[in-house]
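The next block is entry-v2.csv, given as CSV, C-alpha atoms.
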chain,number,residue,atom,x,y,z
A,205,MET,CA,-5.9,-21.9,14.8
A,206,PRO,CA,-4.0,-21.7,11.5
A,207,ARG,CA,-2.4,-18.4,10.6
A,208,ARG,CA,-4.5,-16.2,8.3
A,209,PRO,CA,-2.9,-15.1,5.0
A,210,THR,CA,-2.1,-11.4,4.6
A,211,LEU,CA,-2.8,-9.1,1.7
A,212,GLU,CA,-0.9,-5.8,1.3
A,213,PHE,CA,-3.1,-2.9,0.3
A,214,TRP,CA,-0.9,-0.2,-1.4
A,215,TYR,CA,-2.8,3.1,-1.7
A,216,GLU,CA,-2.3,6.8,-2.6
A,217,PHE,CA,-4.5,9.4,-1.0
A,218,ALA,CA,-4.9,11.3,-4.2
A,219,SER,CA,-6.2,8.2,-6.0
A,220,THR,CA,-9.9,8.0,-6.8
A,221,TYR,CA,-9.9,4.2,-7.0
A,222,SER,CA,-7.8,3.9,-3.8
A,223,TYR,CA,-10.7,5.7,-2.2
A,224,LEU,CA,-13.2,3.1,-3.4
A,225,ALA,CA,-11.0,0.2,-2.3
A,226,ALA,CA,-10.4,1.7,1.1
A,227,MET,CA,-14.1,2.0,1.8
A,228,ARG,CA,-14.8,-1.6,1.1
A,229,ILE,CA,-11.7,-3.7,1.7
A,230,GLU,CA,-12.1,-4.4,5.4
A,231,ALA,CA,-15.5,-6.2,5.1
A,232,LEU,CA,-14.4,-8.2,2.1
A,233,ALA,CA,-11.1,-9.2,3.7
A,234,GLU,CA,-12.8,-10.4,6.8
A,235,ALA,CA,-15.3,-12.4,4.8
A,236,ALA,CA,-12.4,-14.0,2.9
A,237,GLY,CA,-10.4,-14.8,6.1
A,238,VAL,CA,-7.5,-12.5,5.0
A,239,ASP,CA,-5.6,-10.1,7.2
A,240,LEU,CA,-4.7,-6.7,5.7
A,241,ARG,CA,-1.6,-4.6,5.8
A,242,TRP,CA,-2.3,-1.0,4.8
A,243,ARG,CA,0.7,0.4,2.8
A,244,PRO,CA,0.4,4.2,2.1
A,245,PHE,CA,2.8,5.6,-0.5
A,246,LEU,CA,3.3,8.4,-3.0
A,247,LEU,CA,2.5,7.6,-6.6
A,248,GLY,CA,3.9,10.8,-8.1
A,249,PRO,CA,7.6,9.6,-8.1
A,250,ILE,CA,6.5,6.4,-9.8
A,251,PHE,CA,4.6,8.3,-12.4
A,252,ALA,CA,7.6,10.6,-13.0
A,253,THR,CA,9.7,7.5,-13.9
A,254,GLN,CA,7.1,6.8,-16.6
A,255,GLY,CA,7.4,10.3,-18.0
A,256,TRP,CA,4.2,11.6,-16.5
A,257,THR,CA,4.1,14.9,-14.7
A,258,ASN,CA,0.4,14.8,-14.0
A,259,SER,CA,-2.4,12.2,-13.4
A,260,PRO,CA,-3.2,10.2,-16.5
A,261,PHE,CA,-6.8,11.2,-16.0
A,262,ASN,CA,-5.7,14.8,-16.6
A,263,LEU,CA,-3.3,13.9,-19.4
A,264,TYR,CA,-6.0,12.0,-21.3
A,265,PRO,CA,-9.3,14.0,-21.0
A,266,ALA,CA,-11.5,11.3,-22.4
A,267,LYS,CA,-10.1,8.9,-19.9
A,268,GLY,CA,-10.6,11.4,-17.1
A,269,ARG,CA,-14.3,12.1,-18.0
A,270,ASN,CA,-15.0,8.4,-18.0
A,271,MET,CA,-13.2,7.8,-14.8
A,272,TRP,CA,-15.3,10.4,-12.9
A,273,ARG,CA,-18.5,9.0,-14.3
A,274,ASP,CA,-17.4,5.5,-13.3
A,275,LEU,CA,-16.5,6.8,-9.9
A,276,ASP,CA,-20.0,8.2,-9.5
A,277,ARG,CA,-21.6,4.9,-10.6
A,278,GLU,CA,-19.4,2.8,-8.3
A,279,ALA,CA,-20.0,5.1,-5.3
A,280,ALA,CA,-23.8,4.8,-5.8
A,281,ARG,CA,-23.5,1.0,-6.2
A,282,LEU,CA,-21.6,0.7,-3.0
A,283,GLY,CA,-23.9,3.0,-1.0
A,284,LEU,CA,-21.2,5.7,-0.6
A,285,PRO,CA,-22.0,9.4,-0.5
A,286,PRO,CA,-22.0,11.3,-3.9
A,287,VAL,CA,-18.4,11.9,-5.0
A,288,THR,CA,-16.9,15.4,-4.8
A,289,ARG,CA,-14.2,16.3,-7.3
A,290,PRO,CA,-11.2,17.8,-5.5
A,291,ASN,CA,-10.0,21.1,-7.0
A,292,PRO,CA,-7.3,20.9,-8.0
A,293,PHE,CA,-7.1,17.2,-8.9
A,294,PRO,CA,-5.0,15.4,-7.9
A,295,GLN,CA,-4.6,16.8,-4.5
A,296,ASN,CA,-1.1,17.1,-2.9
A,297,SER,CA,-1.1,14.1,-0.6
A,298,LEU,CA,2.4,14.5,0.9
A,299,SER,CA,1.4,15.6,4.4
A,300,ALA,CA,-1.3,12.9,4.7
A,301,ALA,CA,1.1,10.3,3.4
A,302,ARG,CA,3.8,11.3,5.9
A,303,VAL,CA,1.3,10.9,8.7
A,304,ALA,CA,0.1,7.5,7.4
A,305,VAL,CA,3.6,6.2,7.2
A,306,TYR,CA,4.3,7.4,10.7
A,307,ALA,CA,1.2,5.6,11.8
A,308,ALA,CA,2.2,2.3,10.2
A,309,ASP,CA,2.1,0.4,13.5
A,310,GLN,CA,-0.6,2.4,15.2
A,311,ASP,CA,-4.2,1.4,15.6
A,312,TRP,CA,-5.4,4.7,14.2
A,313,LEU,CA,-3.8,4.2,10.7
A,314,VAL,CA,-6.9,2.7,9.2
A,315,PRO,CA,-9.4,5.3,10.7
A,316,PHE,CA,-7.1,8.1,9.7
A,317,SER,CA,-6.7,6.8,6.1
A,318,LYS,CA,-10.4,6.4,5.6
A,319,ALA,CA,-11.0,9.8,7.1
A,320,VAL,CA,-8.6,11.4,4.6
A,321,PHE,CA,-10.3,9.7,1.7
A,322,GLU,CA,-13.7,10.7,2.9
A,323,THR,CA,-12.6,14.3,3.4
A,324,SER,CA,-11.3,14.5,-0.2
A,325,PHE,CA,-13.8,12.5,-2.1
A,326,SER,CA,-17.1,12.7,-0.3
A,327,GLY,CA,-16.7,15.7,2.0
A,328,GLY,CA,-15.4,18.2,-0.5
A,329,GLY,CA,-12.5,19.2,1.7
A,330,SER,CA,-8.8,19.7,1.1
A,331,ILE,CA,-6.1,17.3,2.3
A,332,ALA,CA,-3.3,19.2,0.8
A,333,GLU,CA,-2.3,21.5,3.7
A,334,PRO,CA,-0.9,20.4,7.0
A,335,ALA,CA,-3.6,22.3,8.7
A,336,ALA,CA,-6.2,20.2,6.9
A,337,VAL,CA,-4.5,17.0,8.0
A,338,ARG,CA,-4.2,18.3,11.5
A,339,LYS,CA,-8.0,18.9,11.5
A,340,ILE,CA,-8.6,15.3,10.5
A,341,LEU,CA,-6.3,14.0,13.2
A,342,ASP,CA,-7.9,16.2,15.9
A,343,ALA,CA,-11.4,15.0,14.8
A,344,LEU,CA,-10.2,11.4,15.6
A,345,GLY,CA,-9.3,12.5,19.1
A,346,LEU,CA,-5.6,12.5,18.3
A,347,ASP,CA,-3.0,15.2,18.9
A,348,GLY,CA,-2.7,16.5,15.4
A,349,THR,CA,0.0,19.1,16.1
A,350,GLN,CA,2.3,16.6,17.8
A,351,ILE,CA,1.7,13.9,15.1
A,352,LEU,CA,2.4,16.4,12.2
A,353,LYS,CA,5.6,17.4,13.9
A,354,ALA,CA,6.7,13.8,14.2
A,355,ALA,CA,5.6,13.0,10.7
A,356,ALA,CA,7.7,15.8,9.3
A,357,SER,CA,10.9,14.5,10.9
A,358,GLU,CA,13.8,13.6,8.7
A,359,ALA,CA,13.5,10.0,9.9
A,360,ASN,CA,9.9,9.7,8.9
A,361,LYS,CA,10.5,11.5,5.6
A,362,GLY,CA,13.0,8.7,4.9
A,363,ARG,CA,10.4,6.0,5.7
A,364,LEU,CA,8.1,7.5,3.1
A,365,LYS,CA,10.8,7.5,0.5
A,366,VAL,CA,11.7,3.9,1.3
A,367,ALA,CA,8.0,2.9,1.0
A,368,GLY,CA,8.0,4.4,-2.5
A,369,GLU,CA,11.2,2.7,-3.5
A,370,GLU,CA,9.8,-0.6,-2.2
A,371,ALA,CA,6.6,-0.2,-4.2
A,372,ARG,CA,8.6,0.5,-7.4
A,373,SER,CA,11.0,-2.4,-6.8
A,374,ARG,CA,8.1,-4.8,-6.3
A,375,GLY,CA,6.5,-3.8,-9.6
A,376,ILE,CA,3.8,-1.4,-8.4
A,377,TYR,CA,2.9,1.2,-11.1
A,378,GLY,CA,-0.5,2.5,-9.9
A,379,ALA,CA,-2.9,2.6,-7.1
A,380,PRO,CA,-4.6,0.8,-5.5
A,381,SER,CA,-2.4,-2.2,-5.8
A,382,PHE,CA,-2.6,-5.4,-3.8
A,383,LEU,CA,0.3,-7.8,-3.2
A,384,THR,CA,-0.1,-11.3,-1.8
A,385,GLU,CA,2.4,-13.1,0.3
A,386,ASP,CA,3.7,-15.0,-2.7
A,387,GLY,CA,4.3,-11.8,-4.6
A,388,GLU,CA,1.2,-11.9,-6.9
A,389,LEU,CA,0.3,-8.3,-7.9
A,390,PHE,CA,-3.2,-7.1,-8.6
A,391,TRP,CA,-3.9,-3.5,-9.7
A,392,GLY,CA,-7.1,-1.6,-9.4
A,393,ASN,CA,-10.2,-1.5,-7.3
A,394,ASP,CA,-11.9,-3.9,-9.7
A,395,ARG,CA,-9.3,-6.6,-8.9
A,396,LEU,CA,-9.8,-6.5,-5.1
A,397,GLU,CA,-11.9,-9.6,-5.0
A,398,GLN,CA,-9.5,-11.5,-7.1
A,399,ALA,CA,-6.6,-10.4,-4.9
A,400,LEU,CA,-8.4,-11.6,-1.8
A,401,ALA,CA,-9.3,-14.9,-3.4
A,402,TRP,CA,-5.7,-15.5,-4.4
A,403,ALA,CA,-4.4,-14.6,-1.0
A,404,ALA,CA,-6.9,-17.1,0.5
A,405,GLY,CA,-5.6,-19.8,-1.7
A,406,ASP,CA,-8.3,-19.8,-4.3
A,407,ARG,CA,-6.4,-19.9,-7.6
A,408,PRO,CA,-7.8,-20.3,-11.2
A,409,GLU,CA,-7.2,-23.8,-12.5
A,410,GLY,CA,-4.0,-24.0,-14.5
A,411,LEU,CA,-2.2,-21.2,-12.7
A,412,LEU,CA,0.5,-21.9,-10.2
As structure tokens - that is how I would like this structure written.
Amino acid sequence: MPRRPTLEFWYEFASTYSYLAAMRIEALAEAAGVDLRWRPFLLGPIFATQGWTNSPFNLYPAKGRNMWRDLDREAARLGLPPVTRPNPFPQNSLSAARVAVYAADQDWLVPFSKAVFETSFSGGGSIAEPAAVRKILDALGLDGTQILKAAASEANKGRLKVAGEEARSRGIYGAPSFLTEDGELFWGNDRLEQALAWAAGDRPEGLL
């Protein structure tokens, strides 16, 4: 059988639209015949290079109000539970991101990532403290204490930093972002279908 194309899914646990993408990307990718590579990273350092010290949804209140309403609409349209708004927003996602990077080659990366998003945006829970992340891991039948220890190692901290540097070097400036094998970048949950189509070889006429 021919090799299936791969789409990279770059996501940040504090990102509202990364949540929506994470909840629907698997079924859409399977239908498109595209494999996925889940790429967790931290968006904060990238925002800092743009001069932002907070989420743009906080820096621009009108944008933020519309985003939360849009999130409510999209969650209802997708059949997801009502959205809860983390307090504070955005949540500190460092501990969860370290665990996700540690799990890059593990079969529990995707279940863990989705559980973190669900805890934050539909369960009303915190993901900021290591204890909260450990609880999510334990609920998945994993050894949360041991995983958190490994994720906090200097080697793994370095892997998370490298992931962020890679994201920036490849032109990523927000989350979710999707990168095809030929380097085409799509930004935002509303571009997921287009990213999958491009990855599968379905290109708009006139574009190379």
All residues 7 Å or closer to Tyr221 of chain A, only C-alpha atoms, same chain fewer than 6 positions away omitted, as a ChimeraX atom specification: /A:380,392-393
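Candidate residues A:Val238, A:Ala231, A:Leu263, A:Leu275 were compared for distance to Gly405 of chain A, and the nearest is A:Val238, using only C-alpha atoms.
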What gap, in Å, lies between atom CA of Pro249 of chain A and atom CA of Val366 of chain A? 11.7 Å
Give me, as a PyMOL selection string, all polymer residues having an atom no more than 8 Å from Leu240 of chain A, counting all atoms listed in the file and skipping those fewer than 5 positions away in the same chain. chain A and resi 210-213+230+233
For Trp256 of chain A, which of A:Tyr377, A:Pro292, A:Ala307, A:Leu411 is the closest residue, counting all atoms listed in the file? A:Tyr377
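Among the candidates A:Gly328, A:Pro285, A:Pro265, A:Pro206, the one nearest to Leu224 of chain A when counting all atoms listed in the file is A:Pro285.
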Identify, on the basis of only C-alpha atoms, every residue whose closest approach to Lys339 of chain A does not exceed 12 Å; exclude the query and any residue fewer than 6 positions from it along the same chain; express the result as a VMD selection string. chain A and resid 300 316 319 to 320 323 329 to 333 345 to 349 351 to 352
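The space between atom CA of Pro334 of chain A and atom CA of Phe321 of chain A spans 15.2 Å.
When only C-alpha atoms are used to measure the gap to Ser326 of chain A, the shortest distance among A:Asp386, A:Met227, A:Ala371, A:Gln254 belongs to A:Met227.
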Spatial sel., origin (-7.6, 0.5, 9.9), limit 12 Å, all atoms listed in the file, listed as a VMD selection string: chain A and resid 213 226 to 231 239 to 244 304 307 to 319
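Atom CA of Ala354 of chain A lies 14.4 Å from atom CA of Ala335 of chain A.
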Could you pull the residues within 10 Å of Gly237 of chain A, counting all atoms listed in the file, minus those fewer than 6 positions along the same chain, as a ChimeraX atom specification? /A:207-210,400-401,403-404
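Residue nearest Gly368 of chain A, chosen from A:Val305, A:Leu232, A:Ala225, A:Met271 and counting all atoms listed in the file: A:Val305.
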